[in-house]
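This is work.tsv. It holds TSV, C-alpha atoms.
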```tsv
chain	number	residue	atom	x	y	z
C	18	MET	CA	18.05	-11.53	32.87
C	19	THR	CA	19.74	-10.09	29.79
C	20	ILE	CA	17.66	-9.95	26.62
C	21	GLN	CA	19.75	-10.27	23.47
C	22	ASN	CA	18.84	-10.24	19.80
C	23	ARG	CA	15.36	-11.65	20.15
C	24	SER	CA	12.01	-10.74	18.72
C	25	VAL	CA	8.40	-11.34	19.67
C	26	VAL	CA	5.21	-11.01	17.65
C	27	LEU	CA	1.62	-10.65	18.85
C	28	LEU	CA	-1.53	-10.58	16.73
C	29	LEU	CA	-4.83	-9.52	18.26
C	30	ALA	CA	-8.00	-11.29	17.22
C	31	ALA	CA	-9.86	-9.38	14.53
C	32	VAL	CA	-13.29	-7.91	15.18
C	33	CYS	CA	-16.40	-9.86	14.24
C	34	VAL	CA	-19.42	-7.75	13.28
C	35	LEU	CA	-22.65	-9.28	14.30
C	36	THR	CA	-24.86	-7.05	12.44
C	37	GLY	CA	6.63	19.75	-3.99
C	38	ARG	CA	8.73	19.65	-6.68
C	39	PRO	CA	10.12	16.53	-8.32
C	40	GLN	CA	13.55	15.39	-7.19
C	41	PRO	CA	15.96	13.94	-9.77
C	42	LEU	CA	15.97	10.15	-9.73
C	43	PRO	CA	19.52	8.72	-9.61
C	44	ALA	CA	20.37	6.57	-12.62
C	45	GLN	CA	20.28	2.89	-11.71
C	46	GLY	CA	22.62	0.20	-12.92
C	47	GLY	CA	21.64	-2.01	-15.81
C	48	LYS	CA	23.14	-5.36	-16.71
C	49	GLY	CA	26.55	-5.85	-15.20
C	50	GLY	CA	25.95	-2.95	-12.79
C	51	SER	CA	26.68	-0.22	-15.37
C	52	SER	CA	24.78	3.05	-15.24
C	53	THR	CA	23.62	5.45	-17.90
C	54	ASN	CA	23.54	9.21	-18.24
C	55	LEU	CA	20.09	9.36	-19.80
C	56	VAL	CA	18.15	12.52	-19.00
C	57	ILE	CA	14.45	13.00	-19.73
C	58	THR	CA	12.79	16.39	-19.58
C	59	PHE	CA	9.12	16.06	-18.65
C	60	THR	CA	6.71	18.94	-19.28
C	61	ASN	CA	3.21	19.17	-17.82
C	62	ALA	CA	1.05	20.64	-20.60
C	63	THR	CA	-2.21	19.96	-18.73
C	64	ASP	CA	-4.15	22.41	-16.56
C	65	ARG	CA	-3.78	20.19	-13.48
C	66	LYS	CA	-1.05	19.09	-11.12
C	67	VAL	CA	0.50	15.80	-12.26
C	68	ILE	CA	1.90	13.16	-9.88
C	69	MET	CA	5.00	11.42	-11.29
C	70	ASN	CA	5.44	7.70	-10.61
C	71	SER	CA	8.21	5.43	-11.83
C	72	SER	CA	9.48	1.86	-11.59
C	73	ALA	CA	12.12	-0.53	-12.85
C	74	PRO	CA	10.82	-3.36	-15.06
C	75	GLY	CA	8.80	-5.81	-12.99
C	76	GLN	CA	8.87	-3.60	-9.89
C	77	PRO	CA	5.97	-1.69	-8.24
C	78	LEU	CA	5.51	1.96	-9.05
C	79	GLN	CA	6.79	4.56	-6.61
C	80	ALA	CA	5.95	8.26	-6.40
C	81	PHE	CA	8.86	10.56	-7.25
C	82	GLY	CA	7.34	14.03	-7.23
C	83	GLU	CA	4.88	16.25	-8.99
C	84	LEU	CA	4.66	18.80	-11.77
C	85	GLN	CA	2.51	21.90	-11.61
C	86	PRO	CA	0.66	23.07	-14.77
C	87	GLY	CA	3.24	24.30	-17.30
C	88	GLN	CA	6.21	23.10	-15.23
C	89	SER	CA	9.15	21.14	-16.67
C	90	ALA	CA	11.71	18.98	-14.88
C	91	ALA	CA	14.79	17.03	-16.01
C	92	MET	CA	15.13	13.54	-14.51
C	93	LYS	CA	18.00	11.06	-14.68
C	94	ALA	CA	16.81	7.69	-15.97
C	95	TYR	CA	17.84	4.33	-17.42
C	96	PRO	CA	16.58	2.27	-20.38
C	97	GLY	CA	13.29	0.49	-19.80
C	98	GLN	CA	12.32	2.64	-16.84
C	99	ARG	CA	8.56	3.12	-16.68
C	100	TRP	CA	6.93	6.47	-15.91
C	101	VAL	CA	3.22	6.89	-15.15
C	102	PHE	CA	1.58	10.29	-14.71
C	103	VAL	CA	-1.67	10.67	-12.76
C	104	ASN	CA	-3.71	13.51	-11.33
C	105	THR	CA	-4.66	13.89	-7.68
C	106	ASN	CA	-7.79	11.79	-8.23
C	107	GLY	CA	-5.76	8.86	-9.54
C	108	LYS	CA	-6.69	9.35	-13.21
C	109	VAL	CA	-3.84	8.31	-15.49
C	110	PHE	CA	-2.79	10.95	-18.01
C	111	ALA	CA	-0.02	9.06	-19.82
C	112	GLU	CA	2.77	6.52	-19.58
C	113	TYR	CA	6.32	6.68	-20.94
C	114	ALA	CA	9.03	3.99	-21.22
C	115	THR	CA	12.59	5.30	-21.31
C	116	ARG	CA	14.44	4.44	-24.53
C	117	GLY	CA	18.12	3.59	-24.76
C	118	GLU	CA	18.72	6.43	-27.22
C	119	PRO	CA	18.96	9.37	-27.49
C	120	ARG	CA	20.67	10.37	-24.25
C	121	GLN	CA	18.56	13.52	-24.04
C	122	GLN	CA	14.85	12.74	-24.28
C	123	THR	CA	11.72	14.82	-23.86
C	124	PHE	CA	8.13	13.92	-23.04
C	125	THR	CA	5.14	16.26	-22.84
C	126	ILE	CA	2.25	15.21	-20.62
C	127	GLY	CA	-0.81	16.41	-22.45
C	128	PRO	CA	-4.23	15.33	-23.68
C	129	ALA	CA	-3.02	14.00	-27.01
C	130	THR	CA	0.71	13.70	-27.53
C	131	GLY	CA	3.95	12.84	-25.83
C	132	GLY	CA	7.00	15.00	-26.49
C	133	ALA	CA	9.32	14.60	-29.48
C	134	GLY	CA	6.41	13.35	-31.61
C	135	ASN	CA	5.75	10.28	-29.46
C	136	PRO	CA	2.06	9.58	-28.79
C	137	ALA	CA	1.17	9.39	-25.14
C	138	LYS	CA	0.32	5.76	-24.48
C	139	PRO	CA	-3.03	5.33	-22.72
C	140	VAL	CA	-2.92	3.06	-19.67
C	141	PRO	CA	-5.69	1.68	-17.45
C	142	ALA	CA	-6.65	3.82	-14.49
C	143	PRO	CA	-5.92	2.33	-11.07
C	144	ASN	CA	-8.28	-0.52	-10.13
C	145	GLN	CA	-9.02	-1.27	-13.78
C	146	SER	CA	-7.33	-3.98	-15.81
C	147	ALA	CA	-7.78	-6.56	-18.47
C	148	PRO	CA	-9.60	-9.74	-17.36
C	149	GLY	CA	-7.39	-11.91	-15.17
C	150	VAL	CA	-4.76	-9.18	-14.67
C	151	ALA	CA	-4.51	-7.41	-11.31
C	152	ALA	CA	-4.54	-3.62	-11.64
C	153	ASN	CA	-1.89	-1.52	-9.94
C	154	ALA	CA	-3.74	0.63	-7.37
C	155	LEU	CA	-1.38	3.58	-7.01
C	156	VAL	CA	-0.75	5.40	-3.75
C	157	VAL	CA	-0.43	9.10	-4.61
C	158	GLY	CA	-0.09	12.19	-2.47
C	159	PRO	CA	0.38	12.25	1.33
C	160	THR	CA	-0.31	8.87	2.94
C	161	GLY	CA	-2.11	10.28	5.98
C	162	SER	CA	0.10	8.32	8.41
C	163	ARG	CA	3.75	7.71	9.28
C	164	LEU	CA	4.04	5.25	6.40
C	165	THR	CA	6.00	6.52	3.41
C	166	GLN	CA	4.48	6.23	-0.06
C	167	PRO	CA	6.61	3.15	-0.90
C	168	GLN	CA	5.55	1.51	2.39
C	169	ALA	CA	1.89	2.29	1.76
C	170	GLN	CA	2.23	0.95	-1.80
C	171	GLN	CA	3.68	-2.27	-0.38
C	172	VAL	CA	0.65	-2.67	1.88
C	173	VAL	CA	-1.78	-2.10	-1.00
C	174	ASN	CA	0.11	-4.45	-3.33
C	175	TYR	CA	0.31	-7.14	-0.65
C	176	HIS	CA	-3.42	-7.04	0.06
C	177	ASN	CA	-4.39	-6.93	-3.61
C	178	GLN	CA	-2.19	-9.91	-4.43
C	179	LYS	CA	-3.87	-11.97	-1.72
C	180	ARG	CA	-7.32	-10.76	-2.78
C	181	ALA	CA	-6.60	-11.76	-6.38
C	182	GLU	CA	-5.98	-15.31	-5.16
C	183	VAL	CA	-9.67	-15.60	-4.24
C	184	GLY	CA	-11.02	-13.47	-7.10
C	185	ASN	CA	-11.80	-10.33	-5.09
C	186	GLY	CA	-11.24	-6.79	-6.41
C	187	ASN	CA	-8.46	-4.41	-5.49
C	188	LEU	CA	-8.30	-2.12	-2.50
C	189	SER	CA	-7.25	1.52	-2.84
C	190	TRP	CA	-5.35	3.54	-0.28
C	191	SER	CA	-7.27	6.15	1.72
C	192	ALA	CA	-5.27	8.88	3.47
C	193	GLN	CA	-8.32	9.63	5.63
C	194	ILE	CA	-8.51	6.03	6.85
C	195	ALA	CA	-4.72	5.96	7.31
C	196	GLN	CA	-4.93	9.05	9.51
C	197	TYR	CA	-7.46	7.26	11.71
C	198	ALA	CA	-5.27	4.12	11.78
C	199	GLN	CA	-2.29	6.26	12.82
C	200	GLN	CA	-4.28	7.73	15.71
C	201	ARG	CA	-5.17	4.21	16.81
C	202	ALA	CA	-1.53	3.07	16.57
C	203	ASP	CA	-0.35	6.07	18.60
C	204	HIS	CA	-3.01	5.41	21.25
C	205	ILE	CA	-2.00	1.76	21.56
C	206	ALA	CA	1.69	2.70	21.82
C	207	ARG	CA	0.91	5.33	24.44
C	208	THR	CA	-1.28	3.05	26.58
C	209	ARG	CA	0.67	-0.15	25.75
C	210	GLN	CA	-2.64	-1.97	25.40
C	211	LEU	CA	-3.16	-3.85	22.14
C	212	ALA	CA	-6.96	-3.82	22.14
C	213	HIS	CA	-9.84	-3.11	19.79
C	214	LEU	CA	-12.36	-0.40	20.58
C	215	PRO	CA	-15.69	-1.54	22.02
C	216	GLN	CA	-18.22	-2.81	19.46
C	217	GLY	CA	-19.70	0.03	17.43
C	218	GLN	CA	-17.07	2.68	18.28
C	219	ASN	CA	-14.77	2.02	15.32
C	220	PRO	CA	-16.22	3.01	11.93
C	221	TYR	CA	-13.78	0.68	10.13
C	222	GLY	CA	-12.73	-2.93	10.14
C	223	GLU	CA	-9.44	-3.30	11.98
C	224	ASN	CA	-6.45	-5.65	12.10
C	225	LEU	CA	-3.91	-5.16	14.89
C	226	ALA	CA	-0.45	-6.58	15.44
C	227	GLN	CA	2.73	-5.73	17.28
C	228	GLY	CA	6.23	-7.11	17.39
C	229	GLY	CA	9.31	-6.36	19.43
C	230	SER	CA	13.01	-6.61	18.72
C	231	THR	CA	16.34	-5.72	20.27
C	232	ALA	CA	19.50	-4.53	18.59
C	233	GLY	CA	20.62	-7.14	16.09
C	234	ALA	CA	17.17	-8.61	15.55
C	235	MET	CA	15.17	-7.81	12.44
C	236	GLY	CA	12.63	-5.06	13.05
C	237	PHE	CA	8.88	-5.64	12.90
C	238	THR	CA	7.26	-3.97	9.87
C	239	VAL	CA	3.79	-3.50	8.40
C	240	ILE	CA	4.53	-6.36	6.00
C	241	SER	CA	5.52	-8.52	8.99
C	242	ALA	CA	2.03	-7.88	10.36
C	243	CYS	CA	0.43	-8.67	6.99
C	244	ASP	CA	2.36	-11.95	6.80
C	245	GLY	CA	0.99	-12.94	10.21
C	246	TRP	CA	-2.58	-12.09	9.25
C	247	TYR	CA	-2.32	-13.90	5.93
C	248	ALA	CA	-0.99	-17.04	7.64
C	249	GLU	CA	-4.49	-17.61	9.02
C	250	LYS	CA	-5.55	-18.72	5.54
C	251	ALA	CA	-4.22	-22.18	6.48
C	252	LYS	CA	-7.12	-22.49	8.96
C	253	MET	CA	-9.82	-21.78	6.38
C	254	PRO	CA	-12.07	-24.80	5.69
C	255	ARG	CA	-12.23	-25.74	2.03
C	256	ASN	CA	-15.13	-24.29	0.01
C	257	THR	CA	-16.19	-21.91	2.81
C	258	ARG	CA	-17.35	-18.61	1.32
C	259	THR	CA	-19.62	-17.08	3.99
C	260	MET	CA	-18.72	-15.76	7.45
C	261	THR	CA	-20.21	-17.58	10.44
C	262	VAL	CA	-19.56	-17.35	14.17
C	263	ASP	CA	-18.01	-20.83	14.14
C	264	LEU	CA	-15.68	-19.87	11.29
C	265	PHE	CA	-14.63	-16.65	12.99
C	266	ASN	CA	-13.89	-18.55	16.19
C	267	LYS	CA	-11.39	-20.69	14.28
C	268	GLY	CA	-9.07	-17.67	14.31
C	269	VAL	CA	-9.29	-16.58	10.68
C	270	GLY	CA	-10.65	-13.06	11.19
C	271	HIS	CA	-7.48	-11.19	10.22
C	272	TYR	CA	-7.22	-13.08	6.95
C	273	THR	CA	-10.92	-12.78	6.07
C	274	GLN	CA	-10.78	-9.02	6.68
C	275	MET	CA	-7.80	-8.74	4.34
C	276	VAL	CA	-9.67	-10.42	1.48
C	277	TRP	CA	-13.24	-9.40	2.40
C	278	LYS	CA	-15.29	-9.04	-0.76
C	279	GLY	CA	-17.13	-5.87	0.24
C	280	THR	CA	-14.05	-3.93	1.39
C	281	THR	CA	-12.72	-1.35	-1.08
C	282	GLN	CA	-10.37	0.92	0.89
C	283	ILE	CA	-7.46	0.51	3.28
C	284	GLY	CA	-5.26	2.72	5.43
C	285	ALA	CA	-2.51	1.84	7.90
C	286	GLY	CA	-0.56	3.42	10.74
C	287	ILE	CA	2.55	2.46	12.69
C	288	SER	CA	3.93	3.50	16.08
C	289	GLN	CA	6.61	2.37	18.54
C	290	TYR	CA	7.34	2.23	22.26
C	291	GLN	CA	9.98	0.73	24.57
C	292	GLN	CA	9.22	-2.17	26.88
C	293	GLY	CA	11.48	-4.64	28.72
C	294	GLY	CA	14.50	-3.94	26.57
C	295	LEU	CA	12.50	-4.34	23.36
C	296	THR	CA	11.44	-1.79	20.78
C	297	MET	CA	7.77	-2.61	20.26
C	298	THR	CA	6.23	-1.72	16.90
C	299	VAL	CA	2.45	-1.40	16.66
C	300	VAL	CA	0.71	-1.87	13.30
C	301	VAL	CA	-2.92	-0.92	12.68
C	302	CYS	CA	-4.70	-1.56	9.36
C	303	CYS	CA	-8.22	-0.18	8.94
C	304	TYR	CA	-10.66	-1.27	6.24
C	305	ASN	CA	-13.73	0.31	4.66
C	306	PRO	CA	-16.40	-1.00	4.52
C	307	PRO	CA	-15.62	-3.34	7.43
C	308	GLY	CA	-15.52	-7.09	6.92
C	309	ASN	CA	-16.30	-10.15	9.06
C	310	VAL	CA	-20.03	-9.56	8.96
C	311	ILE	CA	-21.96	-12.68	9.89
C	312	SER	CA	-23.86	-14.33	7.00
C	313	GLN	CA	-22.16	-12.17	4.39
C	314	ALA	CA	-19.81	-13.30	1.61
C	315	ILE	CA	-16.06	-13.45	2.23
C	316	TYR	CA	-15.39	-13.89	-1.51
```
Would you mind writing the file out in structure tokens?
Amino acid sequence: MTIQNRSVVLLLAAVCVLTGRPQPLPAQGGKGGSSTNLVITFTNATDRKVIMNSSAPGQPLQAFGELQPGQSAAMKAYPGQRWVFVNTNGKVFAEYATRGEPRQQTFTIGPATGGAGNPAKPVPAPNQSAPGVAANALVVGPTGSRLTQPQAQQVVNYHNQKRAEVGNGNLSWSAQIAQYAQQRADHIARTRQLAHLPQGQNPYGENLAQGGSTAGAMGFTVISACDGWYAEKAKMPRNTRTMTVDLFNKGVGHYTQMVWKGTTQIGAGISQYQQGGLTMTVVVCCYNPPGNVISQAIY
């Protein structure tokens, strides 16, 4: 039998607990696809390494590099581009929005002022926001797994959006947890057995999924896995807020772990293997503290 352009997806039931230097950013097109030749020179006037993050209006932040103490770097930019500067602990130093003029701009990252006489605008630290506004939990530094920073940021943003729907707080990315999740993904790919560890052997909550595709079919991604887990929300009984064995047995454990009230950290790993003409992609998300604890609050 010839397998052509097909894909398969498998979700495994969630566990129930009974007890360098910055690289220049290419200028992006504005309205009508035109580009600019704006250049901003950023200078780190602090005594700590600064992580540089940037985004187009309305888009999630992405990490673009770092500045050592006293270092300067010139970056191509476009009007309205947002820049956020944080330290390795996630503390926000300053934020800068690119202006349309002048073409050559400067900004100094320091305790009091931004360059060219512009005050550095204070911004909320990750996981803090005004009431009713979801904070942007930034992924900074190495991710700890094979996920890139933009991929890890997508996972965090996805989870936090779904958690905001039920009034639960944001998750932050943990490279340590992601490293563990990557080890689990590699083990599953190596053994080709999508299975949880025996009860008590995994220190984290865990969601597993895998999908396969052939040439021409869309590949399975971490967000594909998240979509599958989130789809279980449709099975949630109305006004249910506490985990029970009966509720878990309805097949909602992936979703409830995603939004679990007591969980504060997440990490994810991804791995692949070949089987029956398909490229199988394994996704592992680990959560700390674990969710799906009987008699405890979901949200």
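Residues in contact with stretch 256-259 of chain C at up to 6 Å, not including ones fewer than 3 positions away on its chain and judged by only C-alpha atoms, are C:Ser312, C:Gln313, C:Ala314, C:Ile315, C:Tyr316.
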Do you know which residues are at most 9 Å from C:Asn174 counting only C-alpha atoms, after dropping those on the same chain fewer than 3 positions away, and could you put them as a PDB file with C-alpha atoms, in the coordinates of the input?
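Result went into part_9.pdb, see below:
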```
ATOM      1  CA  PRO C  77       5.970  -1.690  -8.240  1.00  0.00           C
ATOM      2  CA  ASN C 153      -1.890  -1.520  -9.940  1.00  0.00           C
ATOM      3  CA  ALA C 154      -3.740   0.630  -7.370  1.00  0.00           C
ATOM      4  CA  LEU C 155      -1.380   3.580  -7.010  1.00  0.00           C
ATOM      5  CA  ALA C 169       1.890   2.290   1.760  1.00  0.00           C
ATOM      6  CA  GLN C 170       2.230   0.950  -1.800  1.00  0.00           C
ATOM      7  CA  GLN C 171       3.680  -2.270  -0.380  1.00  0.00           C
ATOM      8  CA  ASN C 177      -4.390  -6.930  -3.610  1.00  0.00           C
ATOM      9  CA  GLN C 178      -2.190  -9.910  -4.430  1.00  0.00           C
ATOM     10  CA  LYS C 179      -3.870 -11.970  -1.720  1.00  0.00           C
ATOM     11  CA  ASN C 187      -8.460  -4.410  -5.490  1.00  0.00           C
ATOM     12  CA  LEU C 188      -8.300  -2.120  -2.500  1.00  0.00           C
TER      13      LEU C 188
END
```
**Report entry** Near-C:Pro96 list (6 Å; all atoms listed in the file; drop same-chain fewer than 6 positions) as a ChimeraX atom specification
**Finding:** /C:115-117
Requested in this report: Tell me which protein, DNA and RNA residues are within 8 Å of C:Ala206, counting all atoms listed in the file, leaving out same-chain ones fewer than 4 positions away, and put them as a PyMOL selection string.
Outcome: chain C and resi 202+210+288-290+299
**Report entry** atom CA of C:Asn224 to atom CA of C:Ala285, distance in Å rounded to a single decimal
**Finding:** 9.4 Å
Query raised in the report: Near C:Pro86, within 12 Å and counting all atoms listed in the file, which residues show up once chain neighbours fewer than 3 positions away are dropped, as a PyMOL selection string?
Result: chain C and resi 38+59-68+83+89-90+104+125-127
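When atom CA of C:Leu225 is paired with atom CA of C:Pro254, their separation reads 23.2 Å.
Closest approach to C:Pro167 among C:Gln199, C:Ser71, C:Asn219, C:Gln227 is made by C:Ser71 (distances from only C-alpha atoms).
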Report summary line: Computed gap from atom CA of C:Met253 to atom CA of C:Lys267 is 8.1 Å
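Every polymer residue reaching to within 10 Å of (15.6, 12.2, -27.1), counting all atoms listed in the file, appears in this list: Leu55, Val56, Ile57, Thr58, Thr115, Arg116, Gly117, Glu118, Pro119, Arg120, Gln121, Gln122, Thr123, Phe124, Gly132 and Ala133 of chain C.
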Query raised in the report: Do you know which residues lie at most 10 Å from (-13.7, -18.4, 8.3), with coordinates as in the file and all atoms listed in the file counted, and could you write them as a VMD selection string?
Result: chain C and resid 249 to 250 252 to 255 257 to 274 309 315
Since we have the selection now, will you write its residues out, keeping C-alpha atoms, as a tab-separated table (two decimals), keeping the file's coordinate frame?
```tsv
chain	number	residue	atom	x	y	z
C	249	GLU	CA	-4.49	-17.61	9.02
C	250	LYS	CA	-5.55	-18.72	5.54
C	252	LYS	CA	-7.12	-22.49	8.96
C	253	MET	CA	-9.82	-21.78	6.38
C	254	PRO	CA	-12.07	-24.80	5.69
C	255	ARG	CA	-12.23	-25.74	2.03
C	257	THR	CA	-16.19	-21.91	2.81
C	258	ARG	CA	-17.35	-18.61	1.32
C	259	THR	CA	-19.62	-17.08	3.99
C	260	MET	CA	-18.72	-15.76	7.45
C	261	THR	CA	-20.21	-17.58	10.44
C	262	VAL	CA	-19.56	-17.35	14.17
C	263	ASP	CA	-18.01	-20.83	14.14
C	264	LEU	CA	-15.68	-19.87	11.29
C	265	PHE	CA	-14.63	-16.65	12.99
C	266	ASN	CA	-13.89	-18.55	16.19
C	267	LYS	CA	-11.39	-20.69	14.28
C	268	GLY	CA	-9.07	-17.67	14.31
C	269	VAL	CA	-9.29	-16.58	10.68
C	270	GLY	CA	-10.65	-13.06	11.19
C	271	HIS	CA	-7.48	-11.19	10.22
C	272	TYR	CA	-7.22	-13.08	6.95
C	273	THR	CA	-10.92	-12.78	6.07
C	274	GLN	CA	-10.78	-9.02	6.68
C	309	ASN	CA	-16.30	-10.15	9.06
C	315	ILE	CA	-16.06	-13.45	2.23
```
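If all atoms listed in the file are the atoms counted, then among C:Glu112, C:Asp203, C:Glu182, C:Glu223 the closest residue to C:Asn305 is C:Glu223.
Minimum atom-to-atom distance to C:Ile240, evaluated using only C-alpha atoms, belongs to C:Val301 out of C:Leu295, C:Ile205, C:Val301, C:Val183.
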